[in-house]
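Student: Just one file: my_file.txt, with compact mmCIF, C-alpha atoms (C1' of nucleotides).
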```txt
# COMPACT_ATOMS: atom_id res chain seq x y z
CA MET Q 1 -3.50 23.59 -31.34
CA MET Q 2 -5.77 22.62 -28.48
CA ASP Q 3 -9.12 24.21 -28.17
CA ALA Q 4 -10.27 25.84 -24.96
CA HIS Q 5 -12.14 22.80 -23.77
CA GLU Q 6 -9.13 20.57 -24.18
CA LYS Q 7 -7.01 23.03 -22.25
CA LEU Q 8 -9.46 22.98 -19.39
CA GLU Q 9 -9.41 19.20 -19.36
CA LYS Q 10 -5.63 19.16 -19.34
CA SER Q 11 -5.53 21.54 -16.42
CA ARG Q 12 -7.92 19.37 -14.45
CA LYS Q 13 -6.11 16.21 -15.34
CA ARG Q 14 -2.84 17.57 -13.96
CA ILE Q 15 -4.40 18.31 -10.59
CA THR Q 16 -6.28 15.03 -10.48
CA GLU Q 17 -3.14 13.04 -11.23
CA SER Q 18 -1.30 14.98 -8.57
CA ILE Q 19 -3.97 13.99 -6.07
CA ALA Q 20 -3.88 10.39 -7.28
CA GLN Q 21 -0.13 10.21 -6.74
CA ASN Q 22 -0.40 11.47 -3.16
CA ILE Q 23 -3.60 9.92 -1.89
CA HIS Q 24 -1.55 7.07 -0.43
CA LEU Q 25 -1.00 9.50 2.45
CA TYR Q 26 -4.65 8.86 3.20
CA GLY Q 27 -4.17 5.12 2.82
CA LEU Q 28 -6.06 5.01 -0.46
CA PRO Q 29 -5.08 3.71 -3.90
CA PRO Q 30 -4.45 6.12 -6.81
CA SER Q 31 -7.75 5.31 -8.49
CA ALA Q 32 -9.64 6.57 -5.45
CA GLY Q 33 -7.64 9.77 -5.76
CA ARG Q 34 -8.63 10.08 -9.38
CA GLN Q 35 -12.25 9.57 -8.40
CA PHE Q 36 -12.06 12.24 -5.73
CA GLY Q 37 -10.23 14.65 -8.04
CA MET Q 38 -12.85 14.25 -10.72
CA MET Q 39 -15.64 14.81 -8.21
CA PHE Q 40 -13.87 17.86 -6.87
CA PHE Q 41 -14.13 19.65 -10.21
CA GLU Q 42 -17.72 18.67 -10.85
CA ASN Q 43 -20.10 21.23 -9.46
CA ARG Q 44 -22.84 18.70 -8.95
CA PRO Q 45 -23.40 15.41 -7.11
CA LEU Q 46 -22.64 12.30 -9.14
CA THR Q 47 -24.15 8.85 -9.34
CA LEU Q 48 -22.12 5.67 -9.50
CA ASP Q 49 -22.98 5.44 -13.19
CA ASP Q 50 -21.70 8.98 -13.77
CA MET Q 51 -18.40 8.08 -12.15
CA SER Q 52 -18.17 4.82 -14.02
CA ALA Q 53 -18.65 6.61 -17.34
CA GLU Q 54 -16.33 9.46 -16.44
CA LEU Q 55 -13.45 7.26 -15.29
CA GLY Q 56 -14.01 4.30 -17.58
CA MET Q 57 -14.10 1.88 -14.70
CA SER Q 58 -16.61 -0.71 -13.59
CA LYS Q 59 -19.55 0.27 -11.47
CA THR Q 60 -18.46 -2.32 -8.92
CA SER Q 61 -15.18 -0.51 -8.49
CA MET Q 62 -16.94 2.78 -8.09
CA SER Q 63 -19.14 1.27 -5.42
CA THR Q 64 -16.28 -0.13 -3.36
CA SER Q 65 -14.01 2.89 -3.67
CA ILE Q 66 -16.78 5.37 -2.91
CA ARG Q 67 -17.30 3.52 0.34
CA THR Q 68 -13.63 3.84 1.18
CA LEU Q 69 -13.76 7.52 0.30
CA SER Q 70 -16.80 7.92 2.53
CA GLU Q 71 -15.15 6.21 5.45
CA ALA Q 72 -12.15 8.46 5.03
CA LYS Q 73 -14.63 11.36 4.95
CA LEU Q 74 -13.43 12.67 1.61
CA VAL Q 75 -16.87 12.45 0.03
CA GLU Q 76 -20.39 12.34 1.35
CA ARG Q 77 -23.72 11.13 0.22
CA VAL Q 78 -26.24 13.82 -0.60
CA TRP Q 79 -29.98 13.73 -1.16
CA GLU Q 80 -31.92 15.18 -3.97
CA ARG Q 81 -35.65 14.78 -4.23
CA GLY Q 82 -36.90 12.74 -7.12
CA VAL Q 83 -33.53 11.07 -7.73
CA ARG Q 84 -33.50 7.36 -7.09
CA LYS Q 85 -29.80 6.76 -7.51
CA ASP Q 86 -27.34 7.42 -4.74
CA LEU Q 87 -25.62 10.76 -5.14
CA TYR Q 88 -22.16 11.63 -3.88
CA GLU Q 89 -20.25 14.84 -3.61
CA ALA Q 90 -16.65 15.66 -2.76
CA LYS Q 91 -16.30 17.44 0.56
CA ASP Q 92 -15.08 20.96 0.03
CA ASP Q 93 -13.35 21.80 3.30
CA TRP Q 94 -9.85 20.47 2.74
CA TYR Q 95 -8.65 21.61 6.15
CA GLN Q 96 -11.35 19.49 7.75
CA ILE Q 97 -10.57 16.60 5.42
CA PHE Q 98 -6.98 16.68 6.59
CA ILE Q 99 -7.97 16.82 10.24
CA ASP Q 100 -10.48 14.00 9.87
CA MET Q 101 -7.97 11.75 8.15
CA PHE Q 102 -5.36 12.53 10.75
CA THR Q 103 -7.58 11.91 13.73
CA VAL Q 104 -9.28 8.81 12.38
CA LYS Q 105 -6.09 7.07 11.35
CA TRP Q 106 -3.94 7.96 14.32
CA ARG Q 107 -6.58 7.56 16.98
CA ARG Q 108 -6.99 3.93 16.00
CA ALA Q 109 -3.24 3.36 16.04
CA VAL Q 110 -2.86 4.95 19.46
CA SER Q 111 -5.69 2.89 20.83
CA LEU Q 112 -4.27 -0.40 19.57
CA HIS Q 113 -0.75 0.38 20.69
CA THR Q 114 -1.81 1.55 24.11
CA ALA Q 115 -3.73 -1.66 24.75
CA ALA Q 116 -0.74 -3.77 23.73
CA ILE Q 117 1.63 -1.74 25.90
CA ARG Q 118 -0.59 -1.97 28.95
CA LYS Q 119 -0.87 -5.71 28.57
CA SER Q 120 2.85 -6.28 28.12
CA LEU Q 121 3.71 -3.93 30.92
CA ASN Q 122 1.47 -5.84 33.30
CA GLU Q 123 2.97 -9.13 32.27
CA LEU Q 124 6.49 -7.89 32.79
CA LYS Q 125 5.71 -6.46 36.20
CA ASP Q 126 4.07 -9.72 37.24
CA LEU Q 127 7.11 -11.53 36.00
CA LYS Q 128 9.35 -9.41 38.18
CA ARG Q 129 7.14 -9.83 41.22
CA ASP Q 130 6.41 -13.54 41.08
CA GLU Q 131 9.42 -15.37 39.88
CA GLY Q 132 12.93 -15.65 41.09
CA ILE Q 133 14.58 -15.00 37.78
CA SER Q 134 18.24 -14.77 36.90
CA THR Q 135 20.00 -11.44 37.26
CA GLU Q 136 20.73 -11.45 33.56
CA LEU Q 137 17.11 -11.85 32.58
CA LEU Q 138 16.01 -9.37 35.20
CA ALA Q 139 18.14 -6.74 33.54
CA GLU Q 140 16.39 -7.40 30.26
CA VAL Q 141 12.96 -7.22 31.86
CA ASP Q 142 13.84 -3.91 33.47
CA SER Q 143 15.14 -2.63 30.17
CA ASP Q 144 11.87 -3.58 28.47
CA ILE Q 145 9.77 -2.00 31.19
CA GLU Q 146 11.66 1.23 30.80
CA LYS Q 147 11.17 1.19 27.06
CA LEU Q 148 7.48 0.46 27.32
CA GLU Q 149 6.98 3.23 29.82
CA TYR Q 150 8.74 5.58 27.46
CA ILE Q 151 6.56 4.71 24.50
CA ARG Q 152 3.45 4.79 26.65
CA GLU Q 153 4.33 8.36 27.43
CA TYR Q 154 4.86 9.02 23.73
CA TYR Q 155 1.44 7.63 22.83
CA ASN Q 156 -0.08 9.78 25.51
CA TRP Q 157 1.48 12.78 23.82
CA LEU Q 158 0.23 11.60 20.45
CA ASP Q 159 -3.25 11.26 21.87
CA ARG Q 160 -3.16 14.83 23.10
CA LEU Q 161 -1.82 15.92 19.72
CA ILE Q 162 -4.83 14.30 18.06
CA ASP Q 163 -7.08 16.14 20.51
CA ALA Q 164 -5.48 19.39 19.45
CA PHE Q 165 -6.34 18.70 15.84
CA GLU Q 166 -9.79 17.47 16.62
CA ASP Q 167 -10.82 20.53 18.60
CA GLN Q 168 -9.22 22.88 16.08
CA LYS Q 169 -6.62 24.13 18.54
CA ILE Q 170 -4.05 23.56 15.83
CA PHE Q 171 -5.25 26.74 14.13
CA ASP Q 172 -3.94 28.70 17.10
CA ILE Q 173 -0.34 28.10 16.13
CA VAL Q 174 -0.94 27.77 12.43
CA PRO Q 175 -3.66 30.20 11.52
CA ARG Q 176 -5.89 29.28 8.68
CA ASN Q 177 -6.09 32.44 6.68
CA ASP Q 178 -2.69 33.76 5.80
CA ASP Q 179 -4.29 36.28 3.48
CA MET Q 180 -1.55 35.95 0.94
CA SER Q 181 -2.13 37.89 -2.23
CA GLU Q 182 -0.47 37.21 -5.50
CA MET S 183 3.67 -23.11 31.98
CA MET S 184 5.93 -20.70 30.20
CA ASP S 185 9.31 -19.91 31.62
CA ALA S 186 10.46 -16.39 32.23
CA HIS S 187 12.31 -16.12 28.95
CA GLU S 188 9.28 -17.16 26.95
CA LYS S 189 7.18 -14.60 28.75
CA LEU S 190 9.63 -11.89 27.86
CA GLU S 191 9.56 -12.96 24.22
CA LYS S 192 5.78 -12.98 24.20
CA SER S 193 5.67 -9.48 25.63
CA ARG S 194 8.05 -8.21 22.97
CA LYS S 195 6.24 -10.00 20.20
CA ARG S 196 2.96 -8.30 21.13
CA ILE S 197 4.51 -4.86 20.84
CA THR S 198 6.38 -5.71 17.67
CA GLU S 199 3.24 -7.00 16.00
CA SER S 200 1.38 -3.91 17.08
CA ILE S 201 4.03 -1.81 15.39
CA ALA S 202 3.94 -4.02 12.30
CA GLN S 203 0.19 -3.55 11.99
CA ASN S 204 0.42 0.21 12.16
CA ILE S 205 3.62 0.99 10.30
CA HIS S 206 1.56 1.56 7.15
CA LEU S 207 1.00 5.02 8.62
CA TYR S 208 4.64 5.56 7.78
CA GLY S 209 4.14 4.12 4.31
CA LEU S 210 6.05 0.95 5.16
CA PRO S 211 5.07 -2.73 4.91
CA PRO S 212 4.47 -4.80 8.07
CA SER S 213 7.77 -6.64 7.76
CA ALA S 214 9.65 -3.35 8.08
CA GLY S 215 7.67 -2.72 11.24
CA ARG S 216 8.69 -6.08 12.59
CA GLN S 217 12.27 -5.29 11.77
CA PHE S 218 12.10 -1.96 13.57
CA GLY S 219 10.30 -3.47 16.55
CA MET S 220 12.93 -6.13 16.93
CA MET S 221 15.72 -3.57 16.71
CA PHE S 222 13.93 -1.41 19.25
CA PHE S 223 14.23 -4.08 21.93
CA GLU S 224 17.82 -4.94 21.16
CA ASN S 225 20.21 -2.89 23.19
CA ARG S 226 22.94 -3.11 20.59
CA PRO S 227 23.47 -2.29 16.92
CA LEU S 228 22.71 -5.13 14.51
CA THR S 229 24.19 -6.30 11.25
CA LEU S 230 22.14 -7.38 8.27
CA ASP S 231 23.03 -10.98 9.11
CA ASP S 232 21.78 -10.54 12.67
CA MET S 233 18.45 -9.26 11.38
CA SER S 234 18.22 -11.99 8.79
CA ALA S 235 18.74 -14.64 11.45
CA GLU S 236 16.41 -12.97 13.93
CA LEU S 237 13.51 -12.54 11.53
CA GLY S 238 14.08 -15.58 9.35
CA MET S 239 14.15 -13.51 6.19
CA SER S 240 16.64 -13.18 3.38
CA LYS S 241 19.55 -10.82 3.67
CA THR S 242 18.41 -9.15 0.47
CA SER S 243 15.13 -8.24 2.11
CA MET S 244 16.93 -6.89 5.14
CA SER S 245 19.08 -4.76 2.90
CA THR S 246 16.21 -3.21 1.00
CA SER S 247 13.98 -2.65 3.99
CA ILE S 248 16.74 -1.20 6.13
CA ARG S 249 17.24 1.37 3.41
CA THR S 250 13.56 2.26 3.50
CA LEU S 251 13.72 2.48 7.29
CA SER S 252 16.76 4.73 7.02
CA GLU S 253 15.07 7.03 4.53
CA ALA S 254 12.09 7.27 6.84
CA LYS S 255 14.60 8.03 9.62
CA LEU S 256 13.43 5.21 11.86
CA VAL S 257 16.87 3.66 12.07
CA GLU S 258 20.37 4.90 11.55
CA ARG S 259 23.72 3.49 10.68
CA VAL S 260 26.25 3.51 13.48
CA TRP S 261 29.99 2.96 13.54
CA GLU S 262 31.97 0.69 15.72
CA ARG S 263 35.72 0.33 15.35
CA GLY S 264 36.96 -3.02 14.24
CA VAL S 265 33.59 -4.10 12.85
CA ARG S 266 33.52 -4.49 9.11
CA LYS S 267 29.83 -5.13 8.66
CA ASP S 268 27.32 -2.31 8.53
CA LEU S 269 25.65 -1.73 11.87
CA TYR S 270 22.18 -0.29 12.35
CA GLU S 271 20.30 0.87 15.39
CA ALA S 272 16.68 1.90 15.94
CA LYS S 273 16.33 5.59 16.69
CA ASP S 274 15.16 6.09 20.23
CA ASP S 275 13.42 9.46 20.11
CA TRP S 276 9.91 8.53 19.02
CA TYR S 277 8.69 12.12 19.11
CA GLN S 278 11.37 13.03 16.62
CA ILE S 279 10.61 9.93 14.53
CA PHE S 280 7.02 11.07 14.27
CA ILE S 281 8.00 14.60 13.33
CA ASP S 282 10.51 13.41 10.74
CA MET S 283 8.00 11.10 9.12
CA PHE S 284 5.40 13.80 9.07
CA THR S 285 7.64 16.45 7.58
CA VAL S 286 9.32 14.20 5.03
CA LYS S 287 6.12 12.72 3.68
CA TRP S 288 3.97 15.82 3.64
CA ARG S 289 6.62 18.24 2.47
CA ARG S 290 7.05 16.23 -0.70
CA ALA S 291 3.31 16.10 -1.29
CA VAL S 292 2.92 19.84 -0.76
CA SER S 293 5.76 20.53 -3.12
CA LEU S 294 4.35 18.37 -5.91
CA HIS S 295 0.83 19.67 -5.52
CA THR S 296 1.91 23.27 -5.38
CA ALA S 297 3.84 22.94 -8.63
CA ALA S 298 0.84 21.38 -10.37
CA ILE S 299 -1.51 24.05 -9.07
CA ARG S 300 0.73 26.89 -10.16
CA LYS S 301 1.01 25.43 -13.64
CA SER S 302 -2.71 24.85 -14.07
CA LEU S 303 -3.57 28.23 -12.64
CA ASN S 304 -1.30 29.93 -15.15
CA GLU S 305 -2.80 27.98 -18.01
CA LEU S 306 -6.32 28.87 -16.99
CA LYS S 307 -5.53 32.54 -16.60
CA ASP S 308 -3.88 32.57 -20.03
CA LEU S 309 -6.92 30.87 -21.42
CA LYS S 310 -9.15 33.59 -20.04
CA ARG S 311 -6.93 36.35 -21.33
CA ASP S 312 -6.19 35.15 -24.83
CA GLU S 313 -9.20 33.47 -26.24
CA GLY S 314 -12.71 34.51 -26.88
CA ILE S 315 -14.37 31.55 -25.26
CA SER S 316 -18.03 30.81 -24.82
CA THR S 317 -19.79 32.12 -21.75
CA GLU S 318 -20.54 28.61 -20.67
CA LEU S 319 -16.92 27.54 -20.77
CA LEU S 320 -15.81 30.76 -19.16
CA ALA S 321 -17.96 29.96 -16.16
CA GLU S 322 -16.23 26.61 -15.83
CA VAL S 323 -12.80 28.19 -16.11
CA ASP S 324 -13.68 30.70 -13.42
CA SER S 325 -14.99 27.93 -11.21
CA ASP S 326 -11.74 26.00 -11.63
CA ILE S 327 -9.63 29.05 -10.90
CA GLU S 328 -11.54 29.65 -7.72
CA LYS S 329 -11.05 26.04 -6.65
CA LEU S 330 -7.36 26.06 -7.42
CA GLU S 331 -6.88 29.27 -5.49
CA TYR S 332 -8.63 27.68 -2.56
CA ILE S 333 -6.46 24.60 -2.53
CA ARG S 334 -3.34 26.66 -3.06
CA GLU S 335 -4.24 28.45 0.12
CA TYR S 336 -4.79 25.12 1.84
CA TYR S 337 -1.38 23.85 0.79
CA ASN S 338 0.16 27.03 2.05
CA TRP S 339 -1.42 26.31 5.42
CA LEU S 340 -0.17 22.75 5.29
CA ASP S 341 3.31 23.99 4.54
CA ARG S 342 3.19 26.21 7.60
CA LEU S 343 1.87 23.33 9.64
CA ILE S 344 4.88 21.27 8.60
CA ASP S 345 7.12 24.16 9.62
CA ALA S 346 5.51 24.11 13.04
CA PHE S 347 6.38 20.46 13.45
CA GLU S 348 9.83 20.85 12.05
CA ASP S 349 10.86 23.65 14.37
CA GLN S 350 9.25 21.95 17.38
CA LYS S 351 6.67 24.67 17.82
CA ILE S 352 4.09 21.90 18.09
CA PHE S 353 5.30 21.24 21.64
CA ASP S 354 3.97 24.65 22.61
CA ILE S 355 0.36 23.53 22.33
CA VAL S 356 0.99 19.90 23.12
CA PRO S 357 3.73 19.79 25.72
CA ARG S 358 5.98 16.82 25.68
CA ASN S 359 6.22 15.87 29.29
CA ASP S 360 2.83 15.33 30.81
CA ASP S 361 4.47 13.88 33.89
CA MET S 362 1.74 11.34 34.36
CA SER S 363 2.35 8.90 37.14
CA GLU S 364 0.70 5.57 37.50
C1' DT X 365 48.55 -8.60 -6.55
C1' DT X 366 45.08 -12.39 -5.26
C1' DG X 367 41.67 -13.95 -2.03
C1' DT X 368 37.76 -13.14 1.00
C1' DA X 369 33.83 -10.76 2.95
C1' DT X 370 29.94 -7.70 2.44
C1' DG X 371 26.07 -5.21 0.41
C1' DT X 372 22.98 -4.73 -3.40
C1' DA X 373 21.15 -5.00 -8.49
C1' DC X 374 18.33 -7.76 -10.91
C1' DA X 375 15.25 -11.43 -12.54
C1' DG X 376 11.97 -14.49 -11.25
C1' DT X 377 8.48 -16.20 -7.72
C1' DT X 378 5.12 -15.65 -4.28
C1' DT X 379 1.82 -12.94 -1.99
C1' DT X 380 -1.30 -9.18 -1.73
C1' DT X 381 -4.17 -5.79 -3.64
C1' DT X 382 -7.11 -3.96 -7.05
C1' DC X 383 -10.38 -4.48 -10.60
C1' DT X 384 -14.09 -6.82 -13.33
C1' DG X 385 -18.38 -9.49 -14.49
C1' DT X 386 -22.06 -12.15 -12.84
C1' DA X 387 -25.58 -12.94 -9.76
C1' DC X 388 -28.60 -11.48 -6.55
C1' DA X 389 -31.00 -8.81 -2.79
C1' DA X 390 -33.43 -4.66 -1.69
C1' DA X 391 -36.32 -1.06 -2.87
C1' DG X 392 -39.07 1.54 -5.87
C1' DT X 393 -42.90 1.57 -9.77
C1' DA X 394 -46.93 0.25 -12.11
C1' DT R 395 -48.96 -8.45 -7.35
C1' DA R 396 -45.15 -8.56 -11.02
C1' DC R 397 -41.59 -5.64 -13.18
C1' DT R 398 -37.67 -2.47 -13.02
C1' DT R 399 -33.83 -0.30 -11.28
C1' DT R 400 -29.92 0.12 -8.29
C1' DG R 401 -26.13 -1.20 -5.27
C1' DT R 402 -23.13 -4.72 -3.66
C1' DA R 403 -21.37 -9.72 -2.45
C1' DC R 404 -18.56 -12.84 -4.36
C1' DA R 405 -15.35 -15.42 -7.33
C1' DG R 406 -11.96 -15.06 -10.52
C1' DA R 407 -8.57 -12.15 -13.43
C1' DA R 408 -5.20 -8.61 -13.68
C1' DA R 409 -1.89 -5.68 -11.60
C1' DA R 410 1.19 -4.37 -8.01
C1' DA R 411 4.10 -5.21 -4.19
C1' DA R 412 7.04 -7.97 -1.40
C1' DC R 413 10.35 -11.48 -1.06
C1' DT R 414 14.15 -14.72 -2.56
C1' DG R 415 18.44 -16.49 -4.76
C1' DT R 416 22.04 -15.64 -7.84
C1' DA R 417 25.47 -12.84 -9.54
C1' DC R 418 28.39 -9.27 -9.14
C1' DA R 419 30.76 -4.87 -7.63
C1' DT R 420 33.24 -2.89 -3.99
C1' DA R 421 36.21 -2.87 -0.22
C1' DC R 422 39.30 -4.83 2.86
C1' DA R 423 43.12 -8.38 4.05
C1' DA R 424 47.18 -10.74 3.28
```
Can the structure in the file be given as structure tokens, please?
Tutor:
Amino acid sequence: MMDAHEKLEKSRKRITESIAQNIHLYGLPPSAGRQFGMMFFENRPLTLDDMSAELGMSKTSMSTSIRTLSEAKLVERVWERGVRKDLYEAKDDWYQIFIDMFTVKWRRAVSLHTAAIRKSLNELKDLKRDEGISTELLAEVDSDIEKLEYIREYYNWLDRLIDAFEDQKIFDIVPRNDDMSE
Amino acid sequence: MMDAHEKLEKSRKRITESIAQNIHLYGLPPSAGRQFGMMFFENRPLTLDDMSAELGMSKTSMSTSIRTLSEAKLVERVWERGVRKDLYEAKDDWYQIFIDMFTVKWRRAVSLHTAAIRKSLNELKDLKRDEGISTELLAEVDSDIEKLEYIREYYNWLDRLIDAFEDQKIFDIVPRNDDMSE
DNA sequence: TTGTATGTACAGTTTTTTCTGTACAAAGTA
DNA sequence: TACTTTGTACAGAAAAAACTGTACATACAA
């Protein structure tokens, strides 16, 4: 028979593992998920040494993964007077965490894609204008131009979608507090 | 000086590489992105042998990655009478591709998390009810319960968010056709 | 039925990613 | 100033993922 403390640990472990198995949606490896999950249940900021001891992993690993977690805005550094070591805490607004991940990751993708599309589109239009190309090839160029214009429009939509998340407009269609009771 | 055909290839390659570099957002490796990008520009369904030749990769790889692409709903199998080989085509509705990816990936995560939360929450509530536990531990249990109830609420929101994508309600706040002209 | 074509399971290889230990730079303490 | 303490750069080890070739099952053709 487990004692109460063991039961509590087991309960936490289940949630932490669940996070670890799904953190790839944030582009992070399972161990970073475990780290975040552990920090989530701690009601105090942790040092790298704390994390290292808690997870049984090297301090170096803690250092690199905490940086990744910070960049993804899942944790943040906090200050406490008199403490020399760096302290980190899991962010507690999961809605905001989701929105931050979404906007950070997709904004970059949109930006890169849009630049590539603009460049290719210009090249293709120049190609049409300047050269006397075969009818066959011209058809292909026109086909590509059409496709690129279509996906440019799509990325414009995606950009506006990201805006909607960023400025919290998303809560207008999907309200935050459903007020569900058990 | 490049000829027209080379220019066309270069233009396509830029877009394809851009897709390859960002397809990790769909949980797929770059090579799958290259495969999709190539198929996107082809105006006809391709066989595994076509893809193998086009990308210079083994047929086995094509087979496994086309399955992944199918599961992610980025491509689909099409039928053509008289053709014995399997034919695949890139889906052309990128808005729908995005929505499908989003719903498939996040729905599974929500489902797994929700199950874990329910289980842990039950265990913790049993723990509170049955055993005479120390005040100190009780405080921790209560803290965990509060946290789990919070994230349960969050996952409920996420589930509703997925619904909004799935039933196209998302286009209400972010309309599809912006009708931007150059 | 036998022969041929096609897709994939599986084992092994290559490549990429993650993790560790050492060494060191930066910053605080005495 | 010299002496600690702390975080991280870097090189190498371990683990995971992607890719290939062979072998085979399935389906169609004759």
Student: Which residues, written as a PyMOL selection string, have at least one atom at most 9 Å from range 412-423 of chain R, with only C-alpha atoms (C1' of nucleotides) counted and residues fewer than 3 positions away on the same chain left out?
Tutor: (chain S and resi 211+239-240+242-243+266) or (chain X and resi 367-374+376-380)
Student: Excluding Thr285 in chain S and residues on its chain fewer than 5 positions from it, collect all residues at most 9 Å away from it, counting only C-alpha atoms (C1' of nucleotides), and give them as number ranges by chain.
Tutor: S: 280, 290, 344-345, 347-348
Student: With all atoms listed in the file as the atoms that count, which of Q:Leu137, Q:Val83, Q:Ile145, Q:Ile15 lies nearest to DG392 in chain X?
Tutor: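 Closest candidate: Q:Val83.
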Student: Residues within 9 Å of Pro45 in chain Q, please, as JSON, numbers by chain. Count all atoms listed in the file; anything in the same chain fewer than 5 positions from it doesn't count.
Tutor: {"Q": [39, 77, 78, 87, 88, 89, 90]}
Student: Restricting the calculation to only C-alpha atoms (C1' of nucleotides), which member of S:Ala235, S:Leu251, S:Ile205, S:Leu210 is positioned closest to DA411 in chain R?
Tutor: S:Leu210
Student: For a test of reading the model, state the distance in Å between C1' of DA375 in chain X and CA of Val257 in chain S, rounded to one decimal.
Tutor: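 It comes out at 28.9 Å.
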Student: List every residue of chain Q that has an atom at most 10 Å from any atom of chain R, giving for each one its closest atom pair and the distance in Å to one decimal, counting only C-alpha atoms (C1' of nucleotides), sorted by chain and then by ascending residue number, as a Markdown table.
Tutor:
```
| residue | atom | partner | partner_atom | distance |
| --- | --- | --- | --- | --- |
| Q:Leu48 | CA | R:DG401 | C1' | 9.0 |
| Q:Lys59 | CA | R:DG401 | C1' | 9.2 |
| Q:Thr60 | CA | R:DT402 | C1' | 7.4 |
| Q:Ser63 | CA | R:DT402 | C1' | 7.4 |
| Q:Thr64 | CA | R:DT402 | C1' | 8.3 |
| Q:Arg84 | CA | R:DT400 | C1' | 8.2 |
| Q:Lys85 | CA | R:DT400 | C1' | 6.7 |
| Q:Asp86 | CA | R:DT400 | C1' | 8.5 |
```
